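*Asks:* So that you have it, the file is run35.cif, and it contains mmCIF, C-alpha atoms:
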data_upload
loop_
_atom_site.label_atom_id
_atom_site.label_comp_id
_atom_site.auth_asym_id
_atom_site.auth_seq_id
_atom_site.Cartn_x
_atom_site.Cartn_y
_atom_site.Cartn_z
CA MET A 1 221.52 -82.39 -31.44
CA ALA A 2 218.56 -82.46 -33.80
CA ARG A 3 216.26 -83.36 -30.94
CA LEU A 4 217.59 -80.51 -28.86
CA LEU A 5 216.96 -78.11 -31.73
CA ILE A 6 213.45 -79.45 -32.24
CA SER A 7 212.76 -79.19 -28.53
CA PHE A 8 213.98 -75.59 -28.43
CA LEU A 9 211.85 -74.62 -31.40
CA LEU A 10 208.84 -76.33 -29.86
CA VAL A 11 209.33 -74.55 -26.56
CA THR A 12 209.83 -71.16 -28.21
CA ALA A 13 206.87 -71.52 -30.53
CA THR A 14 204.53 -72.70 -27.79
CA PHE A 15 205.52 -69.92 -25.41
CA SER A 16 205.14 -67.31 -28.17
CA LEU A 17 201.66 -68.67 -28.76
CA LEU A 18 200.72 -68.20 -25.12
CA HIS A 19 202.43 -64.83 -24.85
CA SER A 20 200.33 -63.43 -27.69
CA GLN A 21 197.12 -64.21 -25.78
CA HIS A 22 196.91 -61.40 -23.24
CA VAL A 23 193.99 -61.15 -20.86
CA THR A 24 191.92 -58.31 -22.30
CA GLY A 25 190.19 -55.86 -20.01
CA PHE A 26 190.49 -55.57 -16.25
CA SER A 27 189.59 -59.09 -15.15
CA ALA A 28 193.17 -59.70 -13.92
CA GLY A 29 193.14 -56.66 -11.60
CA SER A 30 196.56 -55.80 -10.18
CA GLY A 31 197.95 -58.84 -12.00
CA LYS A 32 197.57 -56.85 -15.20
CA ASN A 33 198.78 -53.44 -14.02
CA PRO A 34 200.46 -52.93 -10.60
CA SER A 35 198.89 -49.49 -10.21
CA PHE A 36 195.48 -51.23 -9.98
CA ALA A 37 196.41 -52.58 -6.53
CA GLY A 38 193.78 -51.34 -4.07
CA ILE A 39 192.16 -49.15 -6.72
CA GLU A 40 188.71 -50.63 -6.06
CA GLY A 41 189.00 -50.08 -2.32
CA ASP A 42 187.81 -53.40 -0.95
CA GLY A 43 189.95 -56.52 -0.80
CA ALA A 44 189.42 -58.29 -4.13
CA LEU A 45 190.29 -61.95 -4.71
CA ARG A 46 190.27 -62.84 -8.41
CA ILE A 47 190.32 -66.37 -9.82
CA THR A 48 190.52 -66.82 -13.59
CA TYR A 49 190.81 -69.81 -15.92
CA GLN A 50 191.52 -69.36 -19.61
CA SER A 51 191.49 -72.08 -22.27
CA ILE A 52 193.42 -71.08 -25.39
CA PHE A 53 192.32 -72.58 -28.74
CA PRO A 54 189.70 -74.78 -27.01
CA GLY A 55 188.38 -77.81 -28.84
CA GLY A 56 191.52 -78.30 -30.93
CA GLY A 57 193.29 -80.66 -28.57
CA TYR A 58 196.18 -78.24 -28.04
CA ASN A 59 195.81 -78.36 -24.24
CA LEU A 60 196.85 -74.73 -23.75
CA ASN A 61 195.62 -73.40 -20.42
CA ARG A 62 196.19 -70.42 -18.15
CA TYR A 63 195.39 -70.17 -14.44
CA HIS A 64 195.35 -66.90 -12.50
CA LEU A 65 194.90 -66.06 -8.82
CA SER A 66 195.36 -62.57 -7.35
CA TYR A 67 194.44 -60.56 -4.29
CA ASP A 68 194.82 -56.84 -3.67
CA ALA A 69 193.39 -54.31 -1.23
CA PHE A 70 193.68 -50.69 -0.16
CA ILE A 71 195.94 -50.24 2.88
CA GLU A 72 195.39 -46.88 4.56
CA PRO A 73 198.81 -46.54 6.34
CA MET A 74 200.52 -47.06 2.94
CA HIS A 75 198.31 -44.43 1.26
CA GLY A 76 197.83 -46.99 -1.48
CA GLY A 77 197.31 -50.65 -2.23
CA ALA A 78 199.24 -53.91 -2.23
CA GLY A 79 198.60 -57.21 -3.95
CA ILE A 80 199.94 -60.64 -4.80
CA THR A 81 199.46 -62.58 -8.05
CA VAL A 82 200.11 -66.24 -8.83
CA SER A 83 199.62 -67.50 -12.38
CA SER A 84 200.60 -70.49 -14.48
CA ASP A 85 200.63 -71.19 -18.22
CA HIS A 86 200.53 -74.82 -19.36
CA SER A 87 201.31 -75.81 -22.95
CA GLY A 88 200.25 -79.27 -24.08
CA GLY A 89 201.66 -81.01 -21.03
CA LEU A 90 205.18 -80.06 -22.15
CA LEU A 91 205.87 -76.56 -20.92
CA ALA A 92 204.83 -74.82 -17.70
CA ASP A 93 205.56 -71.19 -16.82
CA SER A 94 204.62 -70.32 -13.23
CA ARG A 95 204.79 -66.74 -11.98
CA ILE A 96 204.46 -64.95 -8.69
CA ARG A 97 204.52 -61.19 -8.34
CA LEU A 98 204.07 -58.67 -5.55
CA SER A 99 202.46 -55.35 -6.48
CA TRP A 100 202.37 -52.02 -4.72
CA SER A 101 200.69 -48.75 -5.70
CA TYR A 102 200.60 -45.24 -4.27
CA HIS A 103 197.35 -43.26 -4.51
CA LEU A 104 197.57 -39.50 -4.93
CA ARG A 105 194.86 -36.90 -5.30
CA ALA A 106 196.64 -34.37 -7.51
CA THR A 107 193.76 -31.88 -7.88
CA ARG A 108 190.10 -31.78 -6.91
CA GLU A 109 189.11 -34.09 -9.80
CA LEU A 110 192.42 -35.63 -10.93
CA TYR A 111 193.72 -38.78 -9.23
CA VAL A 112 197.06 -40.45 -9.93
CA PHE A 113 198.00 -44.04 -9.06
CA ALA A 114 201.61 -45.23 -9.49
CA GLY A 115 202.61 -48.87 -9.06
CA LEU A 116 205.49 -51.33 -9.24
CA TYR A 117 205.64 -55.10 -9.31
CA THR A 118 208.48 -57.49 -8.63
CA GLY A 119 208.36 -61.23 -9.04
CA LEU A 120 209.76 -64.53 -10.24
CA ILE A 121 209.11 -66.74 -13.28
CA HIS A 122 209.72 -70.48 -13.03
CA ARG A 123 209.93 -72.48 -16.26
CA SER A 124 209.81 -76.27 -16.35
CA PHE A 125 209.76 -78.65 -19.33
CA ASN A 126 208.43 -82.22 -19.33
CA SER A 127 210.66 -83.88 -21.95
CA SER A 128 209.09 -87.30 -21.30
CA ARG A 129 206.04 -86.15 -23.28
CA LEU A 130 208.07 -85.61 -26.47
CA VAL A 131 207.55 -88.18 -29.26
CA PHE A 132 209.80 -88.20 -32.35
CA SER A 133 209.39 -90.00 -35.66
CA ASP A 134 211.92 -92.74 -34.88
CA GLN A 135 209.87 -93.81 -31.88
CA ILE A 136 206.74 -94.66 -33.91
CA ASP A 137 206.16 -97.85 -35.85
CA PRO A 138 204.53 -96.70 -39.15
CA VAL A 139 202.51 -99.93 -39.36
CA ASN A 140 201.48 -100.70 -35.81
CA GLY A 141 201.75 -97.24 -34.35
CA VAL A 142 203.84 -98.54 -31.49
CA ILE A 143 205.98 -95.96 -29.68
CA PHE A 144 209.49 -97.32 -29.15
CA PRO A 145 211.90 -95.98 -26.51
CA GLY A 146 213.76 -92.94 -27.79
CA GLY A 147 217.35 -93.25 -28.79
CA GLU A 148 218.26 -89.93 -27.20
CA THR A 149 217.29 -88.21 -23.99
CA VAL A 150 216.38 -84.53 -24.04
CA ASN A 151 217.22 -82.80 -20.77
CA TYR A 152 215.77 -79.33 -20.23
CA PRO A 153 216.46 -78.13 -16.67
CA SER A 154 214.00 -75.99 -14.74
CA SER A 155 214.92 -72.31 -14.53
CA LEU A 156 214.04 -69.37 -12.29
CA PHE A 157 214.03 -65.77 -13.52
CA TYR A 158 213.49 -62.33 -11.98
CA ASP A 159 210.79 -60.09 -13.42
CA MET A 160 209.78 -56.48 -12.84
CA GLY A 161 207.35 -53.90 -14.19
CA ALA A 162 205.68 -50.54 -13.51
CA GLY A 163 202.37 -48.87 -14.19
CA PHE A 164 200.46 -45.59 -13.90
CA THR A 165 196.76 -44.86 -13.77
CA PHE A 166 195.03 -41.49 -14.15
CA LEU A 167 191.41 -40.73 -13.32
CA TYR A 168 189.71 -37.46 -14.22
CA ARG A 169 186.01 -37.31 -13.39
CA ASN A 170 184.64 -40.45 -15.08
CA ASN A 171 187.53 -40.84 -17.54
CA PHE A 172 190.21 -43.44 -16.89
CA LEU A 173 193.66 -43.87 -18.51
CA ALA A 174 196.23 -46.53 -17.56
CA PHE A 175 199.72 -47.39 -18.83
CA ASP A 176 202.06 -50.18 -17.81
CA ALA A 177 205.39 -51.70 -18.90
CA SER A 178 206.13 -55.32 -17.99
CA HIS A 179 209.19 -57.62 -18.27
CA LEU A 180 211.58 -54.68 -18.02
CA PHE A 181 214.67 -56.92 -17.79
CA ARG A 182 213.59 -59.20 -20.68
CA PRO A 183 214.49 -62.58 -19.13
CA ASP A 184 215.77 -65.29 -21.48
CA LEU A 185 213.37 -68.06 -20.53
CA SER A 186 215.12 -70.67 -22.70
CA ARG A 187 218.66 -69.74 -21.60
CA SER A 188 219.67 -70.09 -25.24
CA GLY A 189 220.90 -66.55 -25.93
CA VAL A 190 218.79 -66.46 -29.10
CA GLU A 191 217.07 -63.11 -29.54
CA GLY A 192 213.67 -64.63 -30.25
CA ALA A 193 213.70 -66.47 -26.93
CA TYR A 194 213.84 -63.34 -24.75
CA LEU A 195 210.59 -62.33 -23.10
CA PRO A 196 209.90 -58.96 -24.77
CA ARG A 197 209.05 -55.81 -22.88
CA THR A 198 205.32 -55.36 -23.21
CA TYR A 199 203.60 -51.97 -23.11
CA THR A 200 199.87 -51.56 -22.54
CA LEU A 201 197.72 -48.44 -22.83
CA GLN A 202 194.10 -48.66 -21.65
CA ALA A 203 191.29 -46.13 -21.53
CA PHE A 204 187.64 -46.24 -20.56
CA SER A 205 184.87 -43.88 -19.50
CA ARG A 206 181.70 -44.53 -17.52
CA GLN A 207 178.72 -42.59 -18.88
CA GLU A 208 175.36 -42.61 -17.14
CA LEU A 209 172.38 -43.16 -19.43
CA GLY A 210 169.35 -41.43 -18.01
CA GLY A 211 169.87 -42.62 -14.45
CA ASP A 212 168.37 -45.80 -12.98
CA ASN A 213 171.83 -47.39 -12.60
CA LEU A 214 172.31 -47.76 -16.36
CA PHE A 215 175.84 -47.02 -17.67
CA LEU A 216 177.64 -47.23 -20.98
CA VAL A 217 181.36 -48.00 -20.64
CA PRO A 218 183.39 -47.51 -23.86
CA TYR A 219 186.81 -49.16 -23.71
CA ALA A 220 190.00 -49.10 -25.80
CA GLU A 221 193.36 -50.83 -25.44
CA ILE A 222 196.71 -50.95 -27.25
CA VAL A 223 199.30 -53.64 -26.46
CA ALA A 224 202.77 -53.90 -28.01
CA GLY A 225 205.56 -56.33 -27.15
CA GLY A 226 208.34 -57.37 -29.51
CA ARG A 227 206.66 -58.34 -32.79
CA ASP A 228 203.30 -58.89 -31.11
CA TYR A 229 200.66 -56.19 -31.00
CA ARG A 230 196.95 -55.86 -30.34
CA ILE A 231 194.41 -53.06 -30.66
CA ALA A 232 191.04 -53.53 -28.98
CA ALA A 233 187.96 -51.32 -28.91
CA GLY A 234 184.42 -51.86 -27.71
CA SER A 235 182.06 -51.16 -24.85
CA SER A 236 179.94 -52.71 -22.15
CA LEU A 237 176.48 -51.91 -20.90
CA GLU A 238 176.01 -52.03 -17.12
CA TYR A 239 172.67 -52.22 -15.37
CA ASN A 240 172.67 -52.70 -11.61
CA THR A 241 174.65 -55.93 -11.09
CA LEU A 242 174.65 -57.11 -14.72
CA SER A 243 177.18 -56.18 -17.41
CA ILE A 244 177.32 -57.26 -21.07
CA GLY A 245 180.15 -56.21 -23.40
CA ALA A 246 181.86 -56.81 -26.72
CA LEU A 247 185.31 -55.97 -28.11
CA TRP A 248 186.77 -55.94 -31.62
CA LEU A 249 190.45 -56.96 -31.61
CA ILE A 250 193.09 -56.45 -34.30
CA SER A 251 196.39 -58.25 -33.67
CA ASP A 252 199.40 -59.87 -35.31
CA ILE A 253 197.51 -63.17 -35.43
CA GLY A 254 194.40 -61.73 -37.09
CA ASN A 255 191.08 -60.13 -36.22
CA SER A 256 188.78 -61.43 -33.52
CA ILE A 257 185.72 -60.56 -31.45
CA GLN A 258 185.38 -61.02 -27.71
CA THR A 259 182.00 -61.07 -26.00
CA GLY A 260 181.59 -61.13 -22.26
CA ILE A 261 179.05 -61.10 -19.47
CA SER A 262 179.39 -60.54 -15.72
CA PHE A 263 176.92 -60.41 -12.86
CA MET A 264 177.17 -59.89 -9.13
CA LEU A 265 175.70 -62.13 -6.45
CA GLU A 266 176.05 -60.48 -3.04
CA ARG A 267 179.87 -60.07 -2.78
CA ILE A 268 180.76 -62.43 -5.63
CA THR A 269 181.09 -61.34 -9.26
CA VAL A 270 181.02 -64.02 -11.95
CA ASN A 271 182.36 -63.26 -15.43
CA TYR A 272 182.71 -65.20 -18.66
CA ALA A 273 184.24 -64.21 -22.01
CA PHE A 274 184.48 -65.97 -25.35
CA ARG A 275 186.83 -64.85 -28.13
CA PHE A 276 186.39 -66.07 -31.69
CA ARG A 277 187.82 -65.42 -35.12
CA ALA A 278 186.17 -62.52 -36.95
CA GLY A 279 187.47 -63.22 -40.48
CA GLY A 280 188.45 -66.22 -42.58
CA ALA A 281 191.07 -68.82 -41.76
CA GLU A 282 193.62 -66.24 -40.63
CA ALA A 283 197.03 -67.71 -39.81
CA GLY A 284 195.48 -71.17 -39.66
CA LEU A 285 193.62 -70.33 -36.45
CA PRO A 286 190.56 -72.27 -35.29
CA PHE A 287 187.22 -70.48 -34.90
CA ALA A 288 187.25 -70.48 -31.09
CA LEU A 289 190.33 -68.65 -29.78
CA THR A 290 189.74 -68.48 -26.02
CA HIS A 291 187.26 -69.31 -23.31
CA GLN A 292 187.71 -67.39 -20.06
CA ALA A 293 185.79 -67.79 -16.81
CA GLY A 294 186.46 -65.93 -13.60
CA LEU A 295 185.30 -64.98 -10.12
CA ARG A 296 185.82 -61.81 -8.12
CA LEU A 297 185.25 -62.12 -4.38
CA SER A 298 185.08 -59.13 -2.05
CA LEU A 299 186.70 -60.47 1.11
CA ASN A 300 186.83 -57.43 3.37
CA ASN A 301 185.34 -53.98 3.65
CA VAL A 302 187.47 -50.85 3.71
CA ASP A 303 186.44 -47.64 5.40
CA LYS A 304 185.72 -45.45 2.36
CA ARG A 305 186.74 -42.33 4.28
CA TYR A 306 190.37 -43.35 3.85
CA VAL A 307 190.12 -44.34 0.19
CA ILE A 308 191.12 -41.46 -2.09
CA LYS A 309 188.96 -42.68 -4.96
CA ALA A 310 187.43 -46.13 -5.33
CA ILE A 311 187.07 -47.19 -8.97
CA LYS A 312 184.78 -49.83 -10.38
CA LEU A 313 186.78 -51.66 -13.04
CA PRO A 314 184.72 -53.20 -15.86
CA GLU A 315 184.95 -56.99 -16.20
CA LEU A 316 185.44 -57.10 -19.98
#
Please rewrite the model in this file as structure tokens.
*Replies:*
Amino acid sequence: MARLLISFLLVTATFSLLHSQHVTGFSAGSGKNPSFAGIEGDGALRITYQSIFPGGGYNLNRYHLSYDAFIEPMHGGAGITVSSDHSGGLLADSRIRLSWSYHLRATRELYVFAGLYTGLIHRSFNSSRLVFSDQIDPVNGVIFPGGETVNYPSSLFYDMGAGFTFLYRNNFLAFDASHLFRPDLSRSGVEGAYLPRTYTLQAFSRQELGGDNLFLVPYAEIVAGGRDYRIAAGSSLEYNTLSIGALWLISDIGNSIQTGISFMLERITVNYAFRFRAGGAEAGLPFALTHQAGLRLSLNNVDKRYVIKAIKLPEL
């Protein structure tokens, strides 16, 4: 029973750790907000890898793959997202979601995008990687066979969310709500094990600086889910195919800074971001919080005559 309790606490704590590390900015495309599906017009394939607390031996990793495109007969966009969170070789949460958005030109300069996503979450737990104190020889360090077997069956859960995006001239505002049904990923019935509803508000504006393809893009974001929260503010500077940005983040786990760079090569955009602690040893966190590398590939061209408004999302 003690081992089961320890296992449950380990699973809950590890998942909470991953859940608090949201992908900041727009680098996840429609995987972040379903109303982003097709918002950029062309078919965008996004591949992202994120290492959480790198260098500390925690082995916390996130993998993300998504594709979305504008589909003229639907008057909107559609997309698919596949992602997986891996925690120390013990816990794996794999997700697949289908997104759809409707694009509406409300007035001459106001555009509205409304989206929904539906998907599944699969949780698996590798109990063979657990090591307890009674399995270790204090002198020789030998790991003995455990006296008890911990069985944690794989589980499948339904997930759903919605989002809205508003564009007025060069000003952009987006809101989304995810995990509307709050699945209990541990099947324990304990309140802290439920996946909390998460609400995200994002805003940015693209301001031209004296022409010559030079733009300043201020960005702000507020995320709240359960006891977790994050406030981010910063900007990026775009010149032709190069973009450099920085964000200041305030969250329940402390303050941090994220710097990022992206550049375009033909139809491929490469982006990299590094997040690090801004203050002292807050909450026992290491200096490096995340490394994130990603690619955006434009796979097909869309006739712009049928796109209500194509938006260039910043790769912060």
*Asks:* Excluding same-chain residues fewer than 4 positions from Gly245 (chain A), what lies within 9 Å of it counting all atoms listed in the file, as a PyMOL selection string?
*Replies:* chain A and resi 217+234-238+258-262+315-316
*Asks:* Using only C-alpha atoms, which of the listed residues (A:Ser155, A:Gln50, A:Gly43, A:Tyr168) sits closest to Arg108 (chain A)?
*Replies:*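 Counting only C-alpha atoms, the residue closest to Arg108 (chain A) is A:Tyr168.
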*Asks:* Using only C-alpha atoms, pick whichever of A:Gly254, A:Pro314, A:Gly115, A:Gly225 has the shortest atom-to-atom distance to Phe287 (chain A).
*Replies:*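 Looking at the shortest contact to Phe287 (chain A), the residue is A:Gly254.
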*Asks:* Calculated over all atoms listed in the file, which of the candidates A:Ile121, A:Ala220, A:Ile253, A:Leu65 has the smallest distance to Phe204 (chain A)?
*Replies:* A:Ala220
*Asks:* Could you please determine the separation between CA of Ser66 (chain A) and CA of Thr48 (chain A) in Å, to one decimal place?
*Replies:*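 Straight-line distance from CA of Ser66 (chain A) to CA of Thr48 (chain A) works out to 9.0 Å.
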*Asks:* Could you tell me how far CA of Gly41 (chain A) lies from CA of Lys309 (chain A), in Å and to one decimal?
*Replies:*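 That distance, rounded to one decimal, is 7.9 Å.
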*Asks:* Would you translate the PyMOL selection byres ((chain A and resi 27-31) around 8) into the concrete set of residues it matches in this file, as a PyMOL selection string?
*Replies:* chain A and resi 23-26+32-37+46+48+64+66-68+79-81+97+99+294+314-316
*Asks:* Using only C-alpha atoms, find the one residue out of A:Arg105, A:Arg206, A:Arg267, A:Arg123 that sits nearest to Thr241 (chain A).
*Replies:*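 Closest to Thr241 (chain A), using only C-alpha atoms: A:Arg267.
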*Asks:* Between A:Leu214, A:Ala233, A:Leu116, A:Met74, which is the closest to Ser178 (chain A) once you count only C-alpha atoms?
*Replies:*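 Of A:Leu214, A:Ala233, A:Leu116, A:Met74, the one nearest Ser178 (chain A) is A:Leu116, counting only C-alpha atoms.
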*Asks:* Calculated over all atoms listed in the file, which of the candidates A:Phe164, A:Tyr111, A:Trp248, A:Phe263 has the smallest distance to Pro218 (chain A)?
*Replies:*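 For Pro218 (chain A), the nearest of the candidates is A:Trp248.
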*Asks:* Tell me, in Å to one decimal, how far CA of Leu299 (chain A) is from CA of Leu242 (chain A).
*Replies:* 20.2 Å
*Asks:* With a distance cut-off of 10 Å and only C-alpha atoms, select the neighbouring residues of Thr200 (chain A), excluding the residue or stretch itself and same-chain residues fewer than 3 positions from it, and output the selection as a short mmCIF file (atom, residue, chain, number, x, y, z; two decimals) with C-alpha atoms, in the coordinates of the input.
*Replies:*
data_model
loop_
_atom_site.label_atom_id
_atom_site.label_comp_id
_atom_site.auth_asym_id
_atom_site.auth_seq_id
_atom_site.Cartn_x
_atom_site.Cartn_y
_atom_site.Cartn_z
CA LYS A 32 197.57 -56.85 -15.20
CA ASN A 33 198.78 -53.44 -14.02
CA GLY A 163 202.37 -48.87 -14.19
CA ALA A 174 196.23 -46.53 -17.56
CA PHE A 175 199.72 -47.39 -18.83
CA ASP A 176 202.06 -50.18 -17.81
CA ALA A 177 205.39 -51.70 -18.90
CA SER A 178 206.13 -55.32 -17.99
CA GLU A 221 193.36 -50.83 -25.44
CA ILE A 222 196.71 -50.95 -27.25
CA VAL A 223 199.30 -53.64 -26.46
CA ALA A 224 202.77 -53.90 -28.01
CA GLY A 225 205.56 -56.33 -27.15
CA TYR A 229 200.66 -56.19 -31.00
CA ARG A 230 196.95 -55.86 -30.34
CA ILE A 231 194.41 -53.06 -30.66
#
*Asks:* So what does the PyMOL selection byres ((chain A and resi 71) around 10) actually pick up in this one, as JSON, numbers by chain?
*Replies:* {"A": [37, 38, 41, 42, 43, 68, 69, 70, 72, 73, 74, 75, 76, 77, 78, 101, 102, 302, 306, 307]}
*Asks:* Selected by the PyMOL selection byres ((chain A and resi 61) around 6) in the shown coordinates: which residues, as a ChimeraX atom specification?
*Replies:* /A:50-52,60,62,85-86
*Asks:* Please rebuild region 79-97 of chain A with N, CA and C atoms and return the result as a PDB file, keeping the file's coordinate frame.
*Replies:*
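Now in result39.pdb:
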ATOM      1  N   GLY A  79     199.237 -56.006  -3.440  1.00  0.00           N
ATOM      2  CA  GLY A  79     198.600 -57.210  -3.950  1.00  0.00           C
ATOM      3  C   GLY A  79     199.624 -58.288  -4.270  1.00  0.00           C
ATOM      4  N   ILE A  80     199.122 -59.500  -4.425  1.00  0.00           N
ATOM      5  CA  ILE A  80     199.940 -60.640  -4.800  1.00  0.00           C
ATOM      6  C   ILE A  80     199.234 -61.385  -5.928  1.00  0.00           C
ATOM      7  N   THR A  81     200.001 -61.867  -6.886  1.00  0.00           N
ATOM      8  CA  THR A  81     199.460 -62.580  -8.050  1.00  0.00           C
ATOM      9  C   THR A  81     200.240 -63.871  -8.255  1.00  0.00           C
ATOM     10  N   VAL A  82     199.518 -64.953  -8.476  1.00  0.00           N
ATOM     11  CA  VAL A  82     200.110 -66.240  -8.830  1.00  0.00           C
ATOM     12  C   VAL A  82     199.420 -66.717 -10.100  1.00  0.00           C
ATOM     13  N   SER A  83     200.202 -67.043 -11.122  1.00  0.00           N
ATOM     14  CA  SER A  83     199.620 -67.500 -12.380  1.00  0.00           C
ATOM     15  C   SER A  83     200.481 -68.606 -12.965  1.00  0.00           C
ATOM     16  N   SER A  84     199.880 -69.377 -13.865  1.00  0.00           N
ATOM     17  CA  SER A  84     200.600 -70.490 -14.480  1.00  0.00           C
ATOM     18  C   SER A  84     200.067 -70.742 -15.877  1.00  0.00           C
ATOM     19  N   ASP A  85     200.969 -70.846 -16.837  1.00  0.00           N
ATOM     20  CA  ASP A  85     200.630 -71.190 -18.220  1.00  0.00           C
ATOM     21  C   ASP A  85     201.098 -72.608 -18.500  1.00  0.00           C
ATOM     22  N   HIS A  86     200.202 -73.431 -19.049  1.00  0.00           N
ATOM     23  CA  HIS A  86     200.530 -74.820 -19.360  1.00  0.00           C
ATOM     24  C   HIS A  86     200.316 -75.067 -20.846  1.00  0.00           C
ATOM     25  N   SER A  87     201.346 -75.601 -21.507  1.00  0.00           N
ATOM     26  CA  SER A  87     201.310 -75.810 -22.950  1.00  0.00           C
ATOM     27  C   SER A  87     201.408 -77.295 -23.275  1.00  0.00           C
ATOM     28  N   GLY A  88     200.272 -77.915 -23.586  1.00  0.00           N
ATOM     29  CA  GLY A  88     200.250 -79.270 -24.080  1.00  0.00           C
ATOM     30  C   GLY A  88     200.914 -80.309 -23.211  1.00  0.00           C
ATOM     31  N   GLY A  89     201.003 -80.067 -21.912  1.00  0.00           N
ATOM     32  CA  GLY A  89     201.660 -81.010 -21.030  1.00  0.00           C
ATOM     33  C   GLY A  89     203.163 -81.015 -21.131  1.00  0.00           C
ATOM     34  N   LEU A  90     203.732 -80.114 -21.947  1.00  0.00           N
ATOM     35  CA  LEU A  90     205.180 -80.060 -22.150  1.00  0.00           C
ATOM     36  C   LEU A  90     205.832 -78.937 -21.352  1.00  0.00           C
ATOM     37  N   LEU A  91     205.246 -77.763 -21.453  1.00  0.00           N
ATOM     38  CA  LEU A  91     205.870 -76.560 -20.920  1.00  0.00           C
ATOM     39  C   LEU A  91     204.976 -75.938 -19.856  1.00  0.00           C
ATOM     40  N   ALA A  92     205.571 -75.500 -18.756  1.00  0.00           N
ATOM     41  CA  ALA A  92     204.830 -74.820 -17.700  1.00  0.00           C
ATOM     42  C   ALA A  92     205.610 -73.603 -17.243  1.00  0.00           C
ATOM     43  N   ASP A  93     204.986 -72.444 -17.314  1.00  0.00           N
ATOM     44  CA  ASP A  93     205.560 -71.190 -16.820  1.00  0.00           C
ATOM     45  C   ASP A  93     204.717 -70.733 -15.630  1.00  0.00           C
ATOM     46  N   SER A  94     205.311 -70.756 -14.437  1.00  0.00           N
ATOM     47  CA  SER A  94     204.620 -70.320 -13.230  1.00  0.00           C
ATOM     48  C   SER A  94     205.207 -69.003 -12.767  1.00  0.00           C
ATOM     49  N   ARG A  95     204.346 -68.084 -12.348  1.00  0.00           N
ATOM     50  CA  ARG A  95     204.790 -66.740 -11.980  1.00  0.00           C
ATOM     51  C   ARG A  95     204.187 -66.318 -10.653  1.00  0.00           C
ATOM     52  N   ILE A  96     204.964 -65.595  -9.900  1.00  0.00           N
ATOM     53  CA  ILE A  96     204.460 -64.950  -8.690  1.00  0.00           C
ATOM     54  C   ILE A  96     204.982 -63.519  -8.682  1.00  0.00           C
ATOM     55  N   ARG A  97     204.098 -62.597  -8.373  1.00  0.00           N
ATOM     56  CA  ARG A  97     204.520 -61.190  -8.340  1.00  0.00           C
ATOM     57  C   ARG A  97     203.835 -60.473  -7.177  1.00  0.00           C
TER      58      ARG A  97
END
